[in-house]
file coords.cif (mmCIF, C-alpha atoms and all ligand atoms)
data_data
loop_
_atom_site.label_atom_id
_atom_site.label_comp_id
_atom_site.auth_asym_id
_atom_site.auth_seq_id
_atom_site.Cartn_x
_atom_site.Cartn_y
_atom_site.Cartn_z
CA MET A 40 51.43 -73.02 -20.33
CA GLU A 41 51.62 -69.74 -18.52
CA VAL A 42 54.15 -67.71 -20.44
CA LEU A 43 53.24 -64.09 -19.83
CA SER A 44 53.88 -64.28 -16.09
CA GLN A 45 57.39 -65.51 -16.75
CA VAL A 46 58.53 -62.95 -19.27
CA GLU A 47 58.67 -59.21 -19.56
CA ILE A 48 57.58 -57.75 -22.88
CA ALA A 49 60.37 -55.46 -23.99
CA PHE A 50 59.04 -54.51 -27.41
CA TRP A 51 55.79 -55.47 -29.19
CA PRO A 52 54.66 -52.84 -31.70
CA ALA A 53 51.47 -54.71 -32.59
CA LEU A 54 50.22 -54.76 -29.02
CA ALA A 55 52.05 -52.26 -26.87
CA ASP A 56 53.00 -48.71 -27.61
CA SER A 57 56.59 -49.36 -28.63
CA LYS A 58 58.58 -47.17 -30.95
CA LYS A 59 61.80 -47.67 -32.83
CA ALA A 60 63.40 -45.06 -30.57
CA ASP A 61 62.63 -47.25 -27.51
CA LEU A 62 64.54 -50.04 -29.15
CA GLU A 63 67.43 -47.80 -30.10
CA ALA A 64 67.71 -46.70 -26.48
CA MET A 65 68.23 -50.27 -25.23
CA PRO A 66 71.76 -51.56 -24.59
CA LYS A 67 73.19 -54.26 -26.85
CA GLY A 68 71.82 -57.73 -26.09
CA TYR A 69 69.20 -56.29 -23.71
CA ILE A 70 66.38 -58.47 -25.09
CA ASP A 71 66.65 -62.18 -24.28
CA ALA A 72 64.74 -63.36 -27.33
CA ALA A 73 63.11 -61.53 -30.22
CA LEU A 74 60.34 -63.47 -31.96
CA ILE A 75 60.07 -62.02 -35.44
CA ASN A 76 57.30 -62.78 -37.88
CA GLY A 77 56.87 -61.76 -41.50
CA ALA A 78 59.07 -61.72 -44.58
CA ILE A 79 61.62 -58.94 -45.03
CA ARG A 80 60.07 -56.93 -47.82
CA THR A 81 61.12 -53.32 -47.33
CA GLN A 82 64.20 -51.35 -46.45
CA GLU A 83 62.45 -50.42 -43.20
CA ASN A 84 61.90 -54.13 -42.33
CA LEU A 85 65.58 -54.69 -42.93
CA GLU A 86 66.68 -51.83 -40.68
CA MET A 87 64.31 -52.97 -37.97
CA VAL A 88 65.53 -56.57 -37.87
CA ARG A 89 69.15 -55.44 -37.93
CA LEU A 90 68.39 -53.29 -34.94
CA LEU A 91 66.61 -56.18 -33.21
CA ARG A 92 69.56 -58.43 -33.93
CA GLU A 93 71.86 -55.99 -32.21
CA LYS A 94 69.62 -55.63 -29.16
CA SER A 95 68.73 -59.34 -28.75
CA LYS A 96 70.58 -62.38 -27.50
CA LEU A 97 68.41 -64.71 -29.59
CA ILE A 98 66.56 -64.16 -32.82
CA VAL A 99 63.66 -66.52 -33.50
CA ALA A 100 62.09 -66.76 -36.93
CA TYR A 101 58.45 -67.16 -36.05
CA GLY A 102 56.00 -68.45 -38.65
CA ALA A 103 56.27 -69.49 -42.28
CA CYS A 104 57.02 -66.02 -43.68
CA ALA A 105 60.03 -65.43 -41.43
CA HIS A 106 61.07 -69.06 -41.91
CA LEU A 107 60.69 -69.47 -45.67
CA GLY A 108 59.60 -66.14 -47.10
CA GLY A 109 55.97 -67.25 -47.04
CA ILE A 110 53.26 -66.29 -49.47
CA PRO A 111 54.68 -62.74 -49.88
CA SER A 112 57.80 -64.30 -51.37
CA LEU A 113 55.81 -65.74 -54.28
CA ALA A 114 56.15 -62.20 -55.59
CA ASN A 115 59.83 -63.04 -56.14
CA LEU A 116 58.73 -64.82 -59.30
CA TYR A 117 58.46 -61.32 -60.72
CA GLY A 118 60.83 -58.40 -60.75
CA ARG A 119 60.24 -55.38 -58.52
CA GLU A 120 59.35 -53.15 -61.48
CA GLU A 121 56.79 -55.68 -62.71
CA LEU A 122 55.24 -55.81 -59.24
CA LEU A 123 54.90 -52.06 -58.89
CA LYS A 124 53.41 -51.87 -62.35
CA ALA A 125 50.91 -54.66 -61.66
CA ALA A 126 49.84 -53.09 -58.37
CA PHE A 127 49.87 -49.38 -59.21
CA GLY A 128 49.90 -49.12 -63.00
CA ASP A 129 52.38 -47.79 -65.46
CA GLY A 130 54.71 -45.00 -64.53
CA TRP A 131 53.91 -44.90 -60.82
CA ARG A 132 56.95 -44.29 -58.64
CA PRO A 133 56.95 -44.84 -54.89
CA GLY A 134 57.00 -41.40 -53.30
CA PRO A 135 55.30 -39.21 -50.73
CA PRO A 136 51.67 -38.14 -51.30
CA PRO A 137 51.37 -34.91 -53.32
CA GLY A 138 52.65 -31.99 -51.32
CA ALA A 139 53.92 -34.13 -48.44
CA PRO A 140 57.58 -34.22 -47.39
CA GLN A 141 59.86 -36.99 -48.63
CA GLU A 142 59.88 -38.68 -45.22
CA ASP A 143 56.19 -39.54 -45.73
CA ALA A 144 57.09 -41.74 -48.71
CA PRO A 145 56.34 -45.45 -48.31
CA PRO A 146 59.38 -47.53 -47.35
CA GLU A 147 61.42 -48.69 -50.28
CA LEU A 148 60.74 -52.21 -51.58
CA LEU A 149 63.70 -54.58 -51.56
CA PRO A 150 64.32 -56.44 -54.85
CA LYS A 151 62.96 -59.59 -53.21
CA ALA A 152 60.97 -60.64 -50.17
CA LEU A 153 63.50 -62.41 -47.95
CA PRO A 154 63.18 -65.05 -45.28
CA LEU A 155 64.54 -63.63 -42.02
CA ALA A 156 67.70 -65.75 -42.17
CA GLN A 157 68.70 -63.99 -45.39
CA ALA A 158 68.58 -60.65 -43.60
CA VAL A 159 70.19 -61.41 -40.22
CA PRO A 160 71.62 -64.51 -38.49
CA VAL A 161 68.72 -66.50 -37.01
CA ASP A 162 69.17 -68.68 -33.91
CA TYR A 163 65.91 -70.66 -33.87
CA THR A 164 62.81 -71.21 -35.95
CA VAL A 165 59.23 -71.80 -34.87
CA PRO A 166 57.64 -72.73 -38.21
CA GLY A 167 54.06 -72.91 -39.44
CA CYS A 168 51.23 -70.84 -40.88
CA PRO A 169 50.29 -70.24 -38.15
CA PRO A 170 52.74 -72.06 -35.85
CA PRO A 171 50.83 -74.93 -34.21
CA ALA A 172 50.22 -74.42 -30.46
CA GLY A 173 52.22 -77.55 -29.62
CA LEU A 174 55.33 -76.23 -31.31
CA ILE A 175 55.00 -72.80 -29.70
CA GLY A 176 54.76 -74.66 -26.38
CA GLU A 177 57.89 -76.66 -27.16
CA PHE A 178 59.79 -73.48 -27.86
CA PHE A 179 58.69 -71.72 -24.68
CA SER A 180 59.34 -74.68 -22.40
CA ALA A 181 62.84 -75.00 -23.81
CA PHE A 182 63.42 -71.27 -23.59
CA LEU A 183 62.02 -70.75 -20.09
CA SER A 184 63.77 -73.81 -18.66
CA GLY A 185 67.05 -72.63 -20.15
CA GLU A 186 67.43 -75.96 -21.94
CA MET A 187 67.52 -74.88 -25.53
CA PRO A 188 68.50 -77.28 -28.31
CA PRO A 189 71.62 -76.43 -30.35
CA PRO A 190 71.34 -73.20 -32.38
CA GLY A 191 69.74 -73.59 -35.78
CA HIS A 192 67.04 -75.87 -34.41
CA VAL A 193 63.66 -75.78 -36.11
CA PHE A 194 60.89 -76.50 -33.61
CA ALA A 195 59.20 -79.20 -35.69
CA LYS A 196 59.92 -82.82 -36.54
CA VAL A 197 62.75 -83.99 -38.78
CA LYS A 198 60.48 -86.78 -40.03
CA ALA A 199 57.83 -86.20 -42.66
CA LEU A 200 54.24 -85.33 -41.86
CA CYS A 201 53.02 -88.64 -43.36
CA GLU A 202 54.48 -90.40 -40.32
CA GLU A 203 52.01 -88.71 -37.99
CA CYS A 204 49.08 -88.65 -40.39
CA PRO A 205 46.10 -90.80 -39.41
CA ARG A 206 45.38 -91.64 -43.05
CA THR A 207 46.73 -94.85 -44.55
CA ARG A 208 49.20 -94.38 -47.37
CA GLU A 209 49.76 -97.19 -49.83
CA GLU A 210 51.76 -95.24 -52.44
CA ARG A 211 49.16 -96.05 -55.04
CA VAL A 212 49.80 -95.38 -58.70
CA LEU A 213 48.15 -92.11 -59.77
CA LYS A 214 45.89 -92.24 -62.80
CA LYS A 215 44.62 -88.74 -62.20
CA ILE A 216 45.51 -85.60 -60.27
CA VAL A 217 42.54 -83.76 -58.78
CA ARG A 218 42.01 -80.56 -56.83
CA PRO A 219 40.52 -80.87 -53.35
CA HIS A 220 37.09 -79.54 -54.35
CA GLU A 221 36.71 -82.00 -57.22
CA ILE A 222 36.17 -85.13 -55.14
CA VAL A 223 34.81 -86.12 -51.78
CA PRO A 224 37.86 -87.93 -50.42
CA ASP A 225 37.63 -91.24 -48.68
CA PRO A 226 37.90 -90.41 -44.96
CA GLU A 227 40.62 -92.92 -44.16
CA ALA A 228 42.75 -93.28 -47.27
CA CYS A 229 45.78 -91.08 -47.94
CA LEU A 230 44.80 -87.98 -49.93
CA LEU A 231 47.79 -88.31 -52.25
CA ASP A 232 46.74 -91.88 -53.02
CA GLN A 233 43.41 -90.38 -54.09
CA GLY A 234 45.09 -87.98 -56.49
CA ILE A 235 45.03 -84.85 -54.32
CA ILE A 236 48.41 -83.13 -54.13
CA CYS A 237 49.31 -83.46 -50.46
CA LEU A 238 52.80 -82.30 -49.51
CA GLY A 239 52.95 -84.62 -46.49
CA PRO A 240 55.82 -86.71 -47.89
CA VAL A 241 58.17 -83.70 -48.07
CA THR A 242 56.91 -81.56 -45.16
CA ARG A 243 58.12 -81.66 -41.55
CA GLY A 244 55.75 -83.21 -39.05
CA GLY A 245 54.77 -81.33 -35.93
CA CYS A 246 51.14 -80.32 -36.39
CA SER A 247 49.68 -83.84 -35.93
CA ALA A 248 48.76 -83.65 -39.63
CA ALA A 249 46.11 -81.02 -38.92
CA CYS A 250 45.04 -80.47 -42.52
CA PRO A 251 44.83 -84.10 -43.77
CA SER A 252 42.99 -84.96 -40.54
CA ALA A 253 40.41 -82.35 -41.50
CA GLY A 254 40.16 -83.61 -45.08
CA MET A 255 42.43 -81.04 -46.70
CA PRO A 256 45.87 -81.70 -48.19
CA CYS A 257 48.99 -80.44 -46.48
CA THR A 258 50.29 -77.36 -48.27
CA GLY A 259 53.67 -77.51 -46.56
CA CYS A 260 53.52 -74.71 -43.99
CA LEU A 261 56.07 -76.31 -41.63
CA GLY A 262 58.61 -76.30 -44.42
CA PRO A 263 60.58 -79.11 -46.04
CA THR A 264 62.15 -81.97 -44.10
CA PRO A 265 65.95 -81.82 -44.15
CA LYS A 266 65.83 -84.90 -46.38
CA ALA A 267 63.46 -83.32 -48.92
CA GLY A 268 65.51 -80.12 -49.17
CA ASP A 269 63.65 -78.36 -51.94
CA MET A 270 59.94 -79.11 -51.46
CA GLY A 271 58.77 -78.61 -54.99
CA LEU A 272 61.58 -80.54 -56.64
CA SER A 273 61.24 -83.44 -54.19
CA MET A 274 57.53 -83.51 -54.90
CA VAL A 275 58.18 -83.45 -58.67
CA SER A 276 60.32 -86.53 -58.11
CA ALA A 277 57.62 -88.24 -56.07
CA LEU A 278 54.86 -87.42 -58.55
CA ALA A 279 56.92 -88.62 -61.50
CA SER A 280 57.29 -91.96 -59.72
CA LEU A 281 53.59 -92.26 -58.91
CA VAL A 282 51.91 -91.15 -62.14
CA ARG A 283 51.13 -93.96 -64.60
CA ALA A 284 48.80 -94.32 -67.54
CA GLY A 285 48.65 -98.09 -67.64
CA GLU A 286 51.60 -100.04 -69.02
CA GLU A 287 54.69 -97.81 -69.31
CA GLY A 288 56.14 -97.32 -72.75
CA GLU A 289 56.31 -94.90 -75.62
CA ALA A 290 52.63 -95.41 -76.38
CA ALA A 291 51.67 -94.25 -72.88
CA ILE A 292 53.54 -90.95 -73.09
CA PRO A 293 50.65 -88.76 -74.29
CA SER A 294 48.28 -90.08 -71.62
CA GLU A 295 50.96 -89.71 -68.94
CA ASN A 296 51.41 -86.10 -70.00
CA GLU A 297 47.67 -85.58 -69.77
CA ILE A 298 47.75 -86.69 -66.14
CA LEU A 299 50.80 -84.56 -65.35
CA ASP A 300 49.05 -81.59 -66.98
CA GLN A 301 46.30 -81.93 -64.38
CA LEU A 302 48.72 -80.42 -61.86
CA VAL A 303 47.27 -76.91 -61.87
CA ASP A 304 49.51 -74.00 -60.82
CA PRO A 305 52.61 -76.09 -60.05
CA ILE A 306 54.51 -73.24 -58.38
CA GLY A 307 51.64 -72.11 -56.18
CA THR A 308 50.90 -75.69 -55.23
CA LEU A 309 54.41 -76.98 -54.65
CA TYR A 310 55.99 -73.80 -53.27
CA LYS A 311 53.16 -72.08 -51.43
CA TYR A 312 55.34 -70.86 -48.56
CA GLY A 313 58.49 -69.93 -50.38
CA VAL A 314 59.97 -70.25 -53.83
CA PRO A 315 63.57 -71.40 -54.23
CA ASP A 316 66.12 -68.66 -54.48
CA MET A 317 67.08 -68.55 -58.12
CA PRO A 318 70.06 -66.44 -59.08
CA CYS A 319 68.58 -65.64 -62.45
CA ALA A 320 66.30 -63.06 -63.94
CA LYS A 321 63.20 -64.09 -65.81
CA GLU A 322 64.04 -65.59 -69.15
CA GLY A 323 61.99 -66.64 -72.08
CA GLU A 324 59.82 -63.55 -72.29
CA GLY A 325 62.68 -61.33 -73.28
CA MET B 105 77.85 -62.89 -77.46
CA ALA B 106 80.22 -64.37 -80.03
CA ASP B 107 82.77 -65.50 -77.44
CA PHE B 108 80.22 -67.05 -75.08
CA GLU B 109 80.95 -70.74 -74.55
CA PRO B 110 78.00 -72.41 -72.83
CA LYS B 111 78.82 -74.81 -70.01
CA VAL B 112 76.86 -78.07 -70.06
CA VAL B 113 76.56 -80.58 -67.26
CA ALA B 114 75.58 -83.98 -68.67
CA PHE B 115 74.15 -86.72 -66.47
CA LEU B 116 74.74 -89.83 -68.54
CA CYS B 117 73.44 -93.31 -67.86
CA ARG B 118 76.39 -95.69 -67.64
CA TRP B 119 74.63 -98.37 -69.70
CA CYS B 120 73.98 -96.26 -72.73
CA ALA B 121 74.64 -92.52 -73.07
CA TYR B 122 77.88 -92.61 -71.09
CA ALA B 123 79.12 -95.49 -73.23
CA GLY B 124 77.93 -93.57 -76.28
CA ALA B 125 79.99 -90.57 -75.15
CA ASP B 126 82.96 -92.86 -74.67
CA LEU B 127 82.54 -94.23 -78.14
CA ALA B 128 82.35 -90.72 -79.56
CA GLY B 129 85.67 -90.07 -77.81
CA THR B 130 87.45 -93.25 -78.89
CA SER B 131 86.19 -92.80 -82.46
CA ARG B 132 87.75 -89.33 -82.38
CA LEU B 133 84.47 -87.71 -83.33
CA GLN B 134 84.51 -83.95 -83.04
CA TYR B 135 82.11 -82.53 -80.51
CA PRO B 136 82.24 -79.34 -78.48
CA PRO B 137 84.43 -79.57 -75.37
CA ASN B 138 81.83 -77.69 -73.31
CA VAL B 139 80.43 -80.75 -71.59
CA VAL B 140 81.13 -82.02 -68.09
CA PRO B 141 79.92 -85.63 -68.17
CA ILE B 142 78.72 -87.21 -64.94
CA ARG B 143 78.16 -90.93 -64.96
CA VAL B 144 74.93 -92.08 -63.29
CA PRO B 145 73.58 -95.62 -62.89
CA CYS B 146 70.38 -94.82 -64.79
CA SER B 147 68.63 -91.70 -66.10
CA GLY B 148 65.86 -92.44 -63.61
CA ARG B 149 68.26 -91.68 -60.78
CA VAL B 150 68.81 -88.08 -61.77
CA GLU B 151 67.07 -85.92 -59.18
CA PRO B 152 65.43 -82.70 -60.34
CA SER B 153 67.35 -80.95 -57.56
CA TRP B 154 70.66 -81.94 -59.18
CA VAL B 155 69.54 -80.33 -62.42
CA VAL B 156 68.51 -77.10 -60.72
CA ASP B 157 71.64 -77.16 -58.58
CA ALA B 158 73.82 -77.37 -61.68
CA LEU B 159 71.98 -74.42 -63.25
CA GLN B 160 72.23 -72.38 -60.04
CA LYS B 161 75.92 -73.06 -59.76
CA GLY B 162 76.97 -71.96 -63.19
CA ALA B 163 75.88 -74.47 -65.83
CA ASP B 164 74.09 -72.92 -68.80
CA GLY B 165 72.40 -76.18 -69.71
CA VAL B 166 71.86 -79.69 -68.38
CA LEU B 167 71.74 -82.77 -70.58
CA ILE B 168 70.30 -86.02 -69.31
CA GLY B 169 71.17 -89.04 -71.43
CA GLY B 170 69.33 -92.30 -70.98
CA CYS B 171 68.64 -95.58 -72.74
CA HIS B 172 66.14 -95.73 -75.57
CA PRO B 173 62.57 -96.68 -74.60
CA GLY B 174 62.44 -100.38 -73.86
CA ASP B 175 66.19 -100.58 -73.26
CA CYS B 176 66.57 -99.24 -69.70
CA HIS B 177 68.64 -101.62 -67.63
CA TYR B 178 66.21 -101.09 -64.78
CA VAL B 179 63.18 -101.47 -67.07
CA SER B 180 61.47 -98.14 -66.51
CA GLY B 181 64.01 -95.63 -65.13
CA ASN B 182 64.04 -93.75 -68.40
CA TYR B 183 60.24 -93.36 -68.34
CA LYS B 184 60.44 -91.97 -64.83
CA ALA B 185 63.18 -89.61 -65.97
CA ARG B 186 60.92 -88.44 -68.77
CA ARG B 187 58.06 -87.67 -66.39
CA ARG B 188 60.40 -85.84 -64.05
CA VAL B 189 61.79 -83.70 -66.82
CA TYR B 190 58.28 -83.05 -68.14
CA LEU B 191 57.16 -81.71 -64.75
CA LEU B 192 60.43 -79.86 -64.15
CA LYS B 193 60.01 -78.02 -67.43
CA LYS B 194 56.63 -76.75 -66.25
CA ILE B 195 58.26 -75.20 -63.18
CA LEU B 196 61.46 -73.81 -64.67
CA PRO B 197 59.95 -70.93 -66.65
CA GLU B 198 58.20 -69.64 -63.54
CA LEU B 199 61.47 -69.74 -61.66
CA GLY B 200 62.94 -67.66 -64.43
CA ILE B 201 64.83 -70.40 -66.25
CA ALA B 202 64.23 -71.17 -69.91
CA PRO B 203 63.07 -74.80 -70.09
CA GLU B 204 65.23 -75.33 -73.18
CA ARG B 205 68.21 -75.36 -70.81
CA VAL B 206 67.25 -78.88 -69.79
CA ARG B 207 67.33 -81.60 -72.39
CA LEU B 208 66.58 -85.30 -72.16
CA GLU B 209 67.90 -87.52 -74.94
CA TRP B 210 68.01 -91.24 -75.60
CA VAL B 211 71.47 -92.35 -76.73
CA SER B 212 72.52 -95.98 -76.96
CA ALA B 213 76.02 -97.32 -76.32
CA THR B 214 76.59 -97.70 -80.05
CA GLU B 215 75.45 -94.21 -80.96
CA GLY B 216 78.70 -92.31 -80.59
CA LYS B 217 77.89 -90.22 -83.59
CA ARG B 218 74.45 -89.39 -82.31
CA PHE B 219 75.93 -88.33 -78.96
CA ALA B 220 78.31 -85.95 -80.70
CA GLN B 221 75.42 -84.52 -82.70
CA VAL B 222 73.16 -84.10 -79.64
CA VAL B 223 75.88 -82.21 -77.80
CA ALA B 224 76.69 -80.03 -80.79
CA ASP B 225 73.01 -79.12 -81.27
CA PHE B 226 72.47 -78.43 -77.59
CA VAL B 227 75.54 -76.21 -77.33
CA GLU B 228 74.39 -74.22 -80.36
CA GLU B 229 70.93 -73.77 -78.88
CA LEU B 230 72.42 -72.64 -75.57
CA ARG B 231 74.74 -70.26 -77.33
CA ALA B 232 71.70 -68.66 -78.94
CA LEU B 233 69.96 -68.49 -75.56
CA GLY B 234 72.95 -66.81 -73.94
CA PRO B 235 74.39 -67.34 -70.47
CA MET B 236 72.24 -67.92 -67.38
CA LYS B 237 71.55 -64.42 -66.22
CA VAL B 238 72.25 -63.27 -62.72
CA MET B 239 69.53 -61.23 -61.10
CA SER B 240 70.93 -57.75 -60.69
CA GLU B 241 67.99 -55.61 -59.68
CA GLY B 242 64.90 -57.81 -59.77
S1 LIG C 401 47.24 -87.61 -46.61
FE1 LIG C 401 49.12 -86.45 -46.97
S2 LIG C 401 50.17 -86.44 -44.98
FE2 LIG C 401 48.61 -88.07 -44.89
S3 LIG C 401 49.70 -89.90 -45.52
FE3 LIG C 401 48.77 -89.05 -47.36
S4 LIG C 401 50.38 -87.75 -48.26
FE4 LIG C 401 50.99 -88.17 -46.14
S1 LIG C 402 49.12 -80.28 -42.41
FE1 LIG C 402 50.71 -79.19 -43.55
S2 LIG C 402 49.80 -77.22 -44.13
FE2 LIG C 402 48.50 -78.13 -42.51
S3 LIG C 402 49.30 -77.27 -40.60
FE3 LIG C 402 50.37 -79.21 -40.90
S4 LIG C 402 52.26 -78.67 -42.04
FE4 LIG C 402 50.86 -76.92 -42.17
S1 LIG C 403 69.73 -97.85 -67.35
FE1 LIG C 403 70.00 -96.38 -68.93
S2 LIG C 403 68.27 -95.13 -68.56
FE2 LIG C 403 67.94 -96.67 -67.07
#

call {"tool": "encode", "arguments": {"input": "coords.cif", "output": "structure tokens"}}
result
Amino acid sequence: MEVLSQVEIAFWPALADSKKADLEAMPKGYIDAALINGAIRTQENLEMVRLLREKSKLIVAYGACAHLGGIPSLANLYGREELLKAAFGDGWRPGPPPGAPQEDAPPELLPKALPLAQAVPVDYTVPGCPPPAGLIGEFFSAFLSGEMPPPGHVFAKVKALCEECPRTREERVLKKIVRPHEIVPDPEACLLDQGIICLGPVTRGGCSAACPSAGMPCTGCLGPTPKAGDMGLSMVSALASLVRAGEEGEAAIPSENEILDQLVDPIGTLYKYGVPDMPCAKEGEG
Amino acid sequence: MADFEPKVVAFLCRWCAYAGADLAGTSRLQYPPNVVPIRVPCSGRVEPSWVVDALQKGADGVLIGGCHPGDCHYVSGNYKARRRVYLLKKILPELGIAPERVRLEWVSATEGKRFAQVVADFVEELRALGPMKVMSEG
């Protein structure tokens, strides 16, 4: 689809020479649609998207980071102080380079990396990491034809990815959980049936099951289906139903646990593109 | 922390733990009044998202009560519940929640006394753990 001939680029810092001042000079609602990618990580990000919100009729969260927080939001599992310490060592404070004025200091980190919708009201979402071409196309045809779906729409399917996956799923009982590199998967059988953690059952369709078609499990980049809600917790439910070590009963508990323990890095695997927003600080370690 | 009264949401299977709680009540057994019991058809029906939801919305602990192994009305719901809780407890610490805040117990319909004891123990443990903390700075 020819998009560029039908739109005028008002602001695109990555490609054109556009400055914040250009944006500030625009009247309210001057931009028809702002496509924003990335998580909101710094005070500067926050100011920028607030400004874009003011100058745009529509705000579109574009890509998994804007949609869900993305991989940067895995840092939310740690506090801001912990992060700075891990990255820069003990005692380092964000500030300007020696001798430079304060305005040269790096932008201040927010306590958490936020999905766009937690920073400003979002009208539409084009999900994915990266958004699949088909879904980008769907967005632009709707936008350019003036026939947009109701606000809040996510340009992906409501149904789960499994429904469009070419592999055959039989919901087999799992006697082992393996990582993708540990086996050569059968080319036609469902990856989850083969013990590979594939998030297809809880992820929105819309990419024609690109990853499972290529032999890799879905990691959930289009985000959870409305039915799944919380990806990781829905997947915990599904896995608990599938894992079996022979006849169920008290005697099977240790071997069941052994299988469940084969789930390596549960958070990174089940919440790769955004961890749930927990209102609590880290416990347990003090 | 002396005046902290932990709030507990208890998902209780109607065939066993809920009846056990009832029995504790009708037998006038003393147990802490901190529990909000919710009757469910089977422990295997308790979704992990309900547990997390309860903790996010102000519960300091969640108790899931099911039938003893071999006694589940639906044969294996309690085993599924056990696997769910096992996996959930792997995730909770990384989300910043102490896994001890979630407890799965088998309580039969005749074990009123045991129910009272389970609740009393859990409440004491939660009291020691303190309230669910709210992230202030991060
Ligand atoms: S491979 Fe993944 S997406 Fe395909 S059917 Fe199996 S679980 Fe679903
Ligand atoms: S298969 Fe899953 S991870 Fe891969 S592109 Fe589709 S939604 Fe994203
Ligand atoms: S019926 Fe009580 S745990 Fe299943």

call {"tool": "interface_residues", "arguments": {"input": "coords.cif", "of": "chain A", "to": "chain B", "cutoff": "10 Å", "atoms": "only C-alpha atoms", "output": "PyMOL selection string"}}
result
chain A and resi 115-122+149-151+267-283+287-289+291-292+295-296+299-300+302+304-306+309+314-324

call {"tool": "atom_distance", "arguments": {"input": "coords.cif", "atom1": "CA of Leu155 (chain A)", "atom2": "CA of Ala195 (chain A)"}}
result
17.6 Å

call {"tool": "closest_residue", "arguments": {"input": "coords.cif", "among": "B:Lys193, B:Arg231, B:Arg132, B:Arg143", "to": "Gly216 (chain B)", "atoms": "all atoms listed in the file"}}
result
B:Arg132

call {"tool": "residues_near_ligand", "arguments": {"input": "coords.cif", "ligand": "ligand LIG 401 (chain C)", "cutoff": "9 Å", "atoms": "all atoms listed in the file", "output": "PyMOL selection string"}}
result
chain A and resi 199-210+227-233+235-242+244+248+250-252+254-257

call {"tool": "atom_distance", "arguments": {"input": "coords.cif", "atom1": "CA of Pro235 (chain B)", "atom2": "CA of Val222 (chain B)"}}
result
19.1 Å

call {"tool": "closest_residue", "arguments": {"input": "coords.cif", "among": "B:Cys120, B:Val139, B:Val113, B:Leu127", "to": "ligand LIG 403 (chain C)", "atoms": "all atoms listed in the file"}}
result
B:Cys120

call {"tool": "residues_around", "arguments": {"input": "coords.cif", "residues": "Arg118 (chain B)", "least_positions_apart": "3", "cutoff": "10 Å", "atoms": "only C-alpha atoms", "output": "ChimeraX atom specification"}}
result
/B:115,121-125,142-147,169-171,177,213

call {"tool": "write_last_selection", "arguments": {"input": "coords.cif", "atoms": "C-alpha atoms", "output": "JSON list (two decimals), in the coordinates of the input"}}
result
[["chain", "number", "residue", "atom", "x", "y", "z"],
["B", 115, "PHE", "CA", 74.15, -86.72, -66.47],
["B", 121, "ALA", "CA", 74.64, -92.52, -73.07],
["B", 122, "TYR", "CA", 77.88, -92.61, -71.09],
["B", 123, "ALA", "CA", 79.12, -95.49, -73.23],
["B", 124, "GLY", "CA", 77.93, -93.57, -76.28],
["B", 125, "ALA", "CA", 79.99, -90.57, -75.15],
["B", 142, "ILE", "CA", 78.72, -87.21, -64.94],
["B", 143, "ARG", "CA", 78.16, -90.93, -64.96],
["B", 144, "VAL", "CA", 74.93, -92.08, -63.29],
["B", 145, "PRO", "CA", 73.58, -95.62, -62.89],
["B", 146, "CYS", "CA", 70.38, -94.82, -64.79],
["B", 147, "SER", "CA", 68.63, -91.70, -66.10],
["B", 169, "GLY", "CA", 71.17, -89.04, -71.43],
["B", 170, "GLY", "CA", 69.33, -92.30, -70.98],
["B", 171, "CYS", "CA", 68.64, -95.58, -72.74],
["B", 177, "HIS", "CA", 68.64, -101.62, -67.63],
["B", 213, "ALA", "CA", 76.02, -97.32, -76.32]]

call {"tool": "closest_residue", "arguments": {"input": "coords.cif", "among": "B:Asp225, B:Asp175, B:Asp164, B:Glu109", "to": "ligand LIG 403 (chain C)", "atoms": "all atoms listed in the file"}}
result
B:Asp175

call {"tool": "atom_distance", "arguments": {"input": "coords.cif", "atom1": "CA of Pro145 (chain A)", "atom2": "CA of Ile98 (chain A)"}}
result
26.4 Å

call {"tool": "closest_residue", "arguments": {"input": "coords.cif", "among": "A:Phe182, A:Tyr163, A:Tyr69, A:Tyr312", "to": "ligand LIG 402 (chain C)", "atoms": "all atoms listed in the file"}}
result
A:Tyr312

call {"tool": "closest_residue", "arguments": {"input": "coords.cif", "among": "B:Leu230, B:Val211, B:Arg218, B:Ala224", "to": "ligand LIG 403 (chain C)", "atoms": "only C-alpha atoms and all ligand atoms"}}
result
B:Val211
